[in-house]
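Q: Sharing structure-v8.tsv here; it has TSV, C-alpha atoms.
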```tsv
chain	number	residue	atom	x	y	z
W	1	MET	CA	155.70	-130.10	-133.46
W	2	LYS	CA	152.57	-132.21	-133.54
W	3	GLN	CA	149.53	-130.35	-134.77
W	4	LEU	CA	146.19	-130.56	-133.11
W	5	VAL	CA	143.86	-133.04	-134.68
W	6	VAL	CA	140.14	-132.44	-134.76
W	7	LEU	CA	138.29	-135.67	-135.25
W	8	LEU	CA	135.21	-135.07	-137.39
W	9	SER	CA	132.72	-137.82	-138.10
W	10	VAL	CA	129.57	-137.49	-140.15
W	11	LEU	CA	127.07	-139.98	-138.78
W	12	PRO	CA	123.67	-140.25	-137.12
W	13	CYS	CA	123.94	-139.75	-133.37
W	14	PHE	CA	121.74	-140.33	-130.36
W	15	ALA	CA	123.24	-137.25	-128.72
W	16	VAL	CA	121.01	-135.02	-130.83
W	17	GLN	CA	118.48	-135.42	-128.02
W	18	VAL	CA	120.77	-133.52	-125.67
W	19	MET	CA	120.40	-130.03	-127.04
W	20	ALA	CA	121.84	-126.72	-125.98
W	21	ALA	CA	119.50	-124.83	-123.67
W	22	GLU	CA	119.02	-121.85	-125.94
W	23	THR	CA	118.15	-124.06	-128.92
W	24	ARG	CA	115.70	-126.11	-126.89
W	25	GLU	CA	113.96	-123.04	-125.50
W	26	ALA	CA	113.67	-121.50	-128.94
W	27	THR	CA	111.76	-124.50	-130.25
W	28	VAL	CA	109.43	-125.05	-127.26
W	29	PRO	CA	105.84	-123.98	-128.12
W	30	ALA	CA	104.04	-121.48	-125.91
W	31	LYS	CA	100.93	-122.59	-124.03
W	32	LYS	CA	98.35	-120.57	-122.06
W	33	THR	CA	97.50	-121.94	-118.60
W	34	ALA	CA	94.10	-121.86	-116.87
W	35	ASP	CA	94.90	-118.56	-115.15
W	36	GLY	CA	95.90	-116.93	-118.43
W	37	ALA	CA	99.66	-117.12	-117.89
W	38	ILE	CA	101.90	-118.12	-120.78
W	39	SER	CA	104.15	-121.13	-120.22
W	40	GLN	CA	106.30	-123.35	-122.38
W	41	VAL	CA	105.82	-127.08	-122.78
W	42	ALA	CA	108.90	-129.13	-123.58
W	43	PRO	CA	108.57	-131.30	-126.69
W	44	SER	CA	108.22	-135.01	-126.01
W	45	SER	CA	110.94	-137.51	-126.81
W	46	VAL	CA	108.71	-138.70	-129.66
W	47	ASP	CA	108.72	-135.20	-131.16
W	48	ARG	CA	112.49	-134.94	-130.80
W	49	MET	CA	113.09	-138.30	-132.42
W	50	GLU	CA	110.72	-137.39	-135.26
W	51	TRP	CA	112.79	-134.28	-135.91
W	52	PHE	CA	115.98	-136.35	-135.78
W	53	ARG	CA	114.68	-138.91	-138.28
W	54	ASP	CA	113.62	-136.12	-140.63
W	55	ALA	CA	116.97	-134.32	-140.31
W	56	ARG	CA	118.87	-137.51	-141.25
W	57	PHE	CA	122.24	-135.88	-141.91
W	58	GLY	CA	124.50	-134.12	-139.42
W	59	MET	CA	128.03	-133.72	-138.10
W	60	PHE	CA	129.44	-135.28	-134.92
W	61	ILE	CA	132.63	-133.64	-133.66
W	62	HIS	CA	134.95	-135.35	-131.19
W	63	TRP	CA	137.23	-132.60	-129.91
W	64	GLY	CA	138.97	-132.32	-126.58
W	65	LEU	CA	142.21	-132.54	-124.66
W	66	TYR	CA	142.98	-135.87	-126.34
W	67	SER	CA	143.33	-133.98	-129.63
W	68	VAL	CA	146.72	-132.70	-128.48
W	69	THR	CA	148.17	-136.21	-128.73
W	70	ALA	CA	146.92	-136.74	-132.31
W	71	GLY	CA	146.28	-140.36	-131.31
W	72	GLU	CA	149.89	-141.10	-130.35
W	73	TRP	CA	151.41	-141.87	-126.96
W	74	LYS	CA	154.97	-143.02	-126.23
W	75	GLY	CA	155.63	-144.29	-129.71
W	76	ARG	CA	152.26	-145.98	-130.30
W	77	ASP	CA	149.73	-144.35	-132.62
W	78	LYS	CA	146.61	-146.53	-132.47
W	79	TYR	CA	144.64	-144.29	-130.11
W	80	HIS	CA	141.70	-141.88	-130.39
W	81	GLU	CA	139.48	-139.99	-127.88
W	82	TRP	CA	139.82	-142.89	-125.41
W	83	ILE	CA	143.60	-142.49	-125.31
W	84	GLN	CA	143.80	-141.86	-121.56
W	85	GLN	CA	142.11	-145.17	-120.81
W	86	GLN	CA	143.72	-147.13	-123.65
W	87	ALA	CA	147.25	-145.97	-122.85
W	88	ARG	CA	146.59	-146.04	-119.08
W	89	ILE	CA	147.71	-142.44	-118.60
W	90	PRO	CA	147.48	-141.12	-115.00
W	91	CYS	CA	145.57	-137.86	-114.62
W	92	ALA	CA	148.64	-136.02	-113.35
W	93	GLU	CA	150.36	-136.74	-116.65
W	94	TYR	CA	147.30	-136.41	-118.87
W	95	ASP	CA	146.14	-133.12	-117.35
W	96	ALA	CA	149.43	-131.50	-118.32
W	97	LEU	CA	148.31	-131.68	-121.96
W	98	ALA	CA	146.15	-128.65	-121.20
W	99	ASN	CA	149.28	-126.50	-121.11
W	100	SER	CA	149.79	-127.03	-124.85
W	101	PHE	CA	146.13	-127.08	-125.95
W	102	ASN	CA	145.89	-123.87	-127.95
W	103	PRO	CA	143.73	-124.28	-131.10
W	104	VAL	CA	144.32	-120.76	-132.42
W	105	LYS	CA	143.09	-121.70	-135.92
W	106	PHE	CA	139.65	-122.69	-134.66
W	107	ASP	CA	136.97	-121.02	-136.80
W	108	ALA	CA	133.42	-121.78	-135.68
W	109	ARG	CA	131.80	-120.14	-138.69
W	110	ALA	CA	133.97	-122.12	-141.10
W	111	TRP	CA	132.93	-125.38	-139.44
W	112	VAL	CA	129.25	-124.47	-139.59
W	113	ARG	CA	129.47	-123.28	-143.20
W	114	LEU	CA	131.06	-126.62	-144.10
W	115	ALA	CA	128.17	-128.47	-142.48
W	116	LYS	CA	125.54	-126.30	-144.16
W	117	GLU	CA	127.12	-126.52	-147.61
W	118	ALA	CA	127.14	-130.31	-147.28
W	119	GLY	CA	123.41	-130.27	-146.53
W	120	MET	CA	123.68	-131.11	-142.84
W	121	LYS	CA	120.89	-130.12	-140.45
W	122	TYR	CA	122.67	-130.32	-137.11
W	123	ILE	CA	126.05	-130.40	-135.36
W	124	VAL	CA	126.84	-132.45	-132.25
W	125	ILE	CA	130.04	-131.77	-130.30
W	126	THR	CA	131.63	-133.31	-127.23
W	127	THR	CA	131.36	-130.81	-124.36
W	128	LYS	CA	133.01	-133.23	-121.89
W	129	HIS	CA	134.31	-136.69	-122.64
W	130	HIS	CA	135.31	-139.41	-120.17
W	131	ASP	CA	138.58	-137.62	-119.33
W	132	GLY	CA	136.57	-134.95	-117.49
W	133	PHE	CA	137.96	-132.02	-119.47
W	134	CYS	CA	135.29	-129.41	-120.25
W	135	MET	CA	135.30	-127.73	-123.65
W	136	PHE	CA	133.34	-124.79	-122.21
W	137	ASP	CA	133.75	-122.29	-119.40
W	138	SER	CA	132.49	-124.39	-116.49
W	139	LYS	CA	131.53	-122.80	-113.16
W	140	LEU	CA	132.09	-126.11	-111.36
W	141	THR	CA	135.71	-126.80	-112.28
W	142	ASP	CA	138.85	-125.11	-113.56
W	143	PHE	CA	139.64	-128.20	-115.64
W	144	ASP	CA	138.24	-126.55	-118.73
W	145	ILE	CA	139.46	-124.91	-121.92
W	146	VAL	CA	139.02	-121.36	-120.59
W	147	ASP	CA	140.81	-121.75	-117.25
W	148	ALA	CA	143.37	-124.52	-117.90
W	149	THR	CA	144.69	-123.74	-121.39
W	150	PRO	CA	146.45	-120.86	-123.12
W	151	PHE	CA	143.47	-120.63	-125.53
W	152	ARG	CA	141.32	-118.89	-122.87
W	153	ARG	CA	138.19	-118.96	-125.01
W	154	ASP	CA	134.91	-120.86	-125.00
W	155	PRO	CA	134.68	-122.50	-128.45
W	156	LEU	CA	131.24	-123.97	-127.76
W	157	LYS	CA	129.83	-120.50	-127.26
W	158	ASP	CA	131.25	-119.47	-130.63
W	159	LEU	CA	129.96	-122.63	-132.29
W	160	ALA	CA	126.46	-122.23	-130.84
W	161	GLU	CA	126.31	-118.64	-132.10
W	162	ALA	CA	127.50	-119.65	-135.57
W	163	CYS	CA	124.89	-122.41	-135.71
W	164	ARG	CA	122.12	-119.94	-134.83
W	165	GLU	CA	123.27	-117.60	-137.57
W	166	GLU	CA	123.20	-120.36	-140.19
W	167	GLY	CA	120.05	-122.12	-139.02
W	168	ILE	CA	121.89	-125.30	-138.00
W	169	ARG	CA	120.64	-127.17	-134.90
W	170	PHE	CA	123.31	-127.09	-132.20
W	171	CYS	CA	123.51	-130.25	-130.06
W	172	VAL	CA	125.87	-131.44	-127.37
W	173	TYR	CA	127.33	-134.69	-126.07
W	174	TYR	CA	128.18	-134.78	-122.34
W	175	SER	CA	129.73	-137.79	-120.61
W	176	ILE	CA	128.64	-138.62	-117.06
W	177	ILE	CA	131.53	-141.08	-116.74
W	178	ASP	CA	134.57	-139.12	-115.60
W	179	TRP	CA	137.96	-140.80	-115.14
W	180	HIS	CA	139.14	-137.54	-113.63
W	181	HIS	CA	136.62	-137.49	-110.77
W	182	PRO	CA	137.93	-139.16	-107.58
W	183	GLU	CA	134.56	-140.80	-106.84
W	184	CYS	CA	134.03	-142.40	-110.25
W	185	PRO	CA	134.38	-146.16	-109.62
W	186	ALA	CA	136.72	-147.87	-112.06
W	187	GLU	CA	134.28	-150.77	-112.36
W	188	TYR	CA	131.82	-148.42	-114.10
W	189	SER	CA	134.38	-147.63	-116.77
W	190	GLN	CA	135.39	-149.79	-119.71
W	191	GLY	CA	138.52	-151.70	-118.76
W	192	ARG	CA	138.05	-150.75	-115.07
W	193	PHE	CA	140.18	-147.67	-115.60
W	194	HIS	CA	140.56	-144.71	-113.26
W	195	GLY	CA	143.07	-141.96	-113.82
W	196	GLN	CA	143.41	-141.22	-110.10
W	197	PRO	CA	143.09	-144.60	-108.32
W	198	LYS	CA	144.87	-143.44	-105.16
W	199	ARG	CA	142.29	-140.70	-104.62
W	200	ARG	CA	139.34	-143.07	-104.72
W	201	THR	CA	138.20	-143.22	-101.12
W	202	PRO	CA	134.61	-144.04	-100.09
W	203	THR	CA	132.68	-141.22	-98.45
W	204	SER	CA	129.21	-140.86	-96.98
W	205	ARG	CA	128.52	-138.23	-99.62
W	206	SER	CA	129.50	-140.48	-102.54
W	207	MET	CA	127.65	-139.66	-105.74
W	208	TRP	CA	127.93	-143.26	-106.95
W	209	PRO	CA	125.98	-146.33	-105.75
W	210	SER	CA	127.92	-149.09	-104.08
```
Written as structure tokens, how would this file's structure read?
A:
Amino acid sequence: MKQLVVLLSVLPCFAVQVMAAETREATVPAKKTADGAISQVAPSSVDRMEWFRDARFGMFIHWGLYSVTAGEWKGRDKYHEWIQQQARIPCAEYDALANSFNPVKFDARAWVRLAKEAGMKYIVITTKHHDGFCMFDSKLTDFDIVDATPFRRDPLKDLAEACREEGIRFCVYYSIIDWHHPECPAEYSQGRFHGQPKRRTPTSRSMWPS
């Protein structure tokens, strides 16, 4: 039986700017307003990029529903996290992968220790890639690792906690493009792909520009 593959890449990443809320709040300086109240001022993009340039070394983790396939689909093994688009897999077929997504050997603290021992300053992980599958317990959809898989846990919560314990900056990557969403135009996706083309019907409440 094919084992889950976790794709780990060590490289600089723009996604460091998109930080977890608790990490961002912890680093925002306090400021007293004119009426004496204490408020917090978000750091500027310049400050964030200065931190990123100083950090220099971190871990980017691509992990999601596509990991179940280990890069292989119907006899071809050239794929990666874009496998749904590259292999033109309909959502009805791709979504079924959630039934076998059960990474029971996941150990957040082991991942973070590995990063720290290597001298890394931050970890970035994919919270939702273009397939629309959420690697956290989303309140907006059941198409997530807690509700749709036998794993029934939120690994990002565990990873964020482990990062706090070890002093590693926890960062997230979140894709706005969503092949799973019925109103995501295929023309906005590489290769004009949409996993649910028959469900794409224009509405007055469309979230996408024409």
Q: Looking at W:Lys74, W:Arg53, W:Arg153, W:Arg88, which one is nearest to W:Asp131, with distances taken over all atoms listed in the file?
A: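 Ranking W:Lys74, W:Arg53, W:Arg153, W:Arg88 by distance to W:Asp131, first place goes to W:Arg88.
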Q: Write out as an NGL selection string the residues lying within 12 Å of W:Asp95, counting all atoms listed in the file and excluding same-chain residues fewer than 5 positions away.
A: :W and (64-66 or 68-69 or 84 or 89-90 or 100-101 or 131-134 or 142-145 or 148-149 or 179-180 or 195-196)
Q: How many Å lie between atom CA of W:Glu183 and atom CA of W:Glu93, rounded to one decimal?
A: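 Pair atom CA of W:Glu183 / atom CA of W:Glu93 returns 19.0 Å.
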Q: If I take atom CA of W:Trp73 and atom CA of W:Ala87, how far is one from the other in Å, to one decimal?
A: 7.1 Å
Q: I need the residue nearest W:Thr141 from this list: W:Glu166, W:His62, W:His181, W:Cys171. Use all atoms listed in the file for the distance.
A: W:His181
Q: From the coordinates I just gave you, please extract stretch 38-176 of chain W so that only C-alpha atoms remain, then output it as a compact mmCIF listing (two decimals), in the first residue's frame.
A:
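Ended up saving to part-v2.txt:
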```
# COMPACT_ATOMS: atom_id res chain seq x y z
CA ILE W 38 -3.08 50.68 24.90
CA SER W 39 -3.28 49.48 21.30
CA GLN W 40 -1.13 47.38 19.03
CA VAL W 41 0.39 48.60 15.78
CA ALA W 42 1.01 46.00 13.10
CA PRO W 43 4.59 45.91 11.80
CA SER W 44 5.06 47.31 8.33
CA SER W 45 5.89 45.16 5.33
CA VAL W 46 9.38 46.67 5.48
CA ASP W 47 9.82 45.38 9.04
CA ARG W 48 8.56 41.94 8.07
CA MET W 49 10.87 41.71 5.09
CA GLU W 50 13.80 42.86 7.23
CA TRP W 51 13.08 40.01 9.63
CA PHE W 52 12.82 37.59 6.71
CA ARG W 53 16.15 38.66 5.22
CA ASP W 54 17.81 38.29 8.62
CA ALA W 55 16.26 34.85 9.21
CA ARG W 56 17.61 33.58 5.86
CA PHE W 57 17.01 29.88 6.49
CA GLY W 58 13.68 28.10 6.94
CA MET W 59 11.55 25.12 5.97
CA PHE W 60 8.69 25.12 3.44
CA ILE W 61 6.35 22.15 3.74
CA HIS W 62 3.99 21.13 0.95
CA TRP W 63 1.52 18.73 2.56
CA GLY W 64 -2.05 18.03 1.62
CA LEU W 65 -4.52 15.65 0.04
CA TYR W 66 -2.20 15.23 -2.96
CA SER W 67 0.28 13.50 -0.63
CA VAL W 68 -1.91 10.39 -0.70
CA THR W 69 -1.04 9.81 -4.37
CA ALA W 70 2.74 10.05 -3.75
CA GLY W 71 2.95 11.79 -7.13
CA GLU W 72 1.44 8.90 -9.11
CA TRP W 73 -1.85 8.68 -10.97
CA LYS W 74 -3.02 5.86 -13.28
CA GLY W 75 0.45 4.54 -13.95
CA ARG W 76 2.21 7.89 -14.38
CA ASP W 77 4.50 9.16 -11.62
CA LYS W 78 5.66 12.61 -12.74
CA TYR W 79 3.29 14.60 -10.53
CA HIS W 80 3.53 16.66 -7.34
CA GLU W 81 1.17 19.01 -5.41
CA TRP W 82 -0.41 20.10 -8.72
CA ILE W 83 -1.46 16.53 -9.51
CA GLN W 84 -5.19 17.30 -9.75
CA GLN W 85 -4.59 19.87 -12.47
CA GLN W 86 -1.76 18.02 -14.21
CA ALA W 87 -3.62 14.70 -14.36
CA ARG W 88 -6.98 16.44 -15.00
CA ILE W 89 -8.67 14.69 -12.08
CA PRO W 90 -12.35 15.64 -11.51
CA CYS W 91 -13.18 16.74 -7.98
CA ALA W 92 -15.57 13.84 -7.45
CA GLU W 93 -12.66 11.45 -7.97
CA TYR W 94 -9.99 13.55 -6.28
CA ASP W 95 -12.07 14.29 -3.18
CA ALA W 96 -12.35 10.57 -2.47
CA LEU W 97 -8.64 10.59 -1.56
CA ALA W 98 -9.71 12.08 1.76
CA ASN W 99 -11.09 8.70 2.79
CA SER W 100 -7.56 7.27 2.91
CA PHE W 101 -5.71 10.34 4.20
CA ASN W 102 -4.67 9.22 7.66
CA PRO W 103 -1.13 10.39 8.58
CA VAL W 104 -1.00 8.62 11.94
CA LYS W 105 2.80 8.95 12.14
CA PHE W 106 2.67 12.75 12.01
CA ASP W 107 4.81 14.21 14.82
CA ALA W 108 4.78 18.00 14.96
CA ARG W 109 7.49 18.23 17.59
CA ALA W 110 9.81 15.98 15.57
CA TRP W 111 9.39 18.21 12.52
CA VAL W 112 10.11 21.35 14.52
CA ARG W 113 13.10 19.81 16.28
CA LEU W 114 14.51 18.87 12.88
CA ALA W 115 14.16 22.46 11.70
CA LYS W 116 15.72 23.89 14.86
CA GLU W 117 18.64 21.46 14.88
CA ALA W 118 19.39 22.44 11.28
CA GLY W 119 19.51 26.11 12.30
CA MET W 120 16.23 27.14 10.68
CA LYS W 121 14.36 30.18 11.96
CA TYR W 122 10.89 29.57 10.56
CA ILE W 123 8.52 26.97 9.11
CA VAL W 124 6.01 27.64 6.33
CA ILE W 125 3.28 25.08 5.60
CA THR W 126 0.47 24.87 3.05
CA THR W 127 -2.83 25.37 4.88
CA LYS W 128 -4.85 25.14 1.63
CA HIS W 129 -3.48 24.54 -1.84
CA HIS W 130 -5.26 24.99 -5.18
CA ASP W 131 -7.27 21.78 -4.67
CA GLY W 132 -9.28 23.55 -1.95
CA PHE W 133 -8.56 20.99 0.75
CA CYS W 134 -7.95 22.60 4.15
CA MET W 135 -5.24 21.20 6.41
CA PHE W 136 -6.96 22.73 9.44
CA ASP W 137 -10.37 22.58 11.08
CA SER W 138 -12.23 25.11 8.92
CA LYS W 139 -15.56 26.59 10.01
CA LEU W 140 -16.45 27.39 6.39
CA THR W 141 -16.21 23.93 4.84
CA ASP W 142 -16.19 20.25 5.72
CA PHE W 143 -13.57 19.64 3.03
CA ASP W 144 -10.82 19.64 5.62
CA ILE W 145 -8.57 17.18 7.42
CA VAL W 146 -10.69 17.13 10.59
CA ASP W 147 -14.12 16.55 9.01
CA ALA W 148 -13.31 14.65 5.78
CA THR W 149 -10.56 12.22 6.81
CA PRO W 150 -10.14 9.40 9.32
CA PHE W 151 -7.28 11.40 10.92
CA ARG W 152 -9.77 13.75 12.65
CA ARG W 153 -7.04 16.04 13.97
CA ASP W 154 -5.79 19.53 13.20
CA PRO W 155 -2.06 19.12 12.44
CA LEU W 156 -1.53 22.86 11.97
CA LYS W 157 -2.64 23.49 15.53
CA ASP W 158 -0.10 20.94 16.74
CA LEU W 159 2.62 22.40 14.53
CA ALA W 160 1.94 25.97 15.67
CA GLU W 161 2.16 24.88 19.31
CA ALA W 162 5.41 23.00 18.72
CA CYS W 163 6.89 26.04 16.96
CA ARG W 164 6.01 28.27 19.93
CA GLU W 165 7.66 25.85 22.31
CA GLU W 166 10.89 25.80 20.30
CA GLY W 167 10.99 29.48 19.38
CA ILE W 168 10.51 28.83 15.65
CA ARG W 169 8.41 31.34 13.66
CA PHE W 170 5.26 29.64 12.37
CA CYS W 171 4.09 30.84 8.94
CA VAL W 172 1.38 29.72 6.57
CA TYR W 173 0.73 29.53 2.84
CA TYR W 174 -2.91 29.85 1.73
CA SER W 175 -4.05 29.64 -1.89
CA ILE W 176 -6.88 31.89 -3.05
```
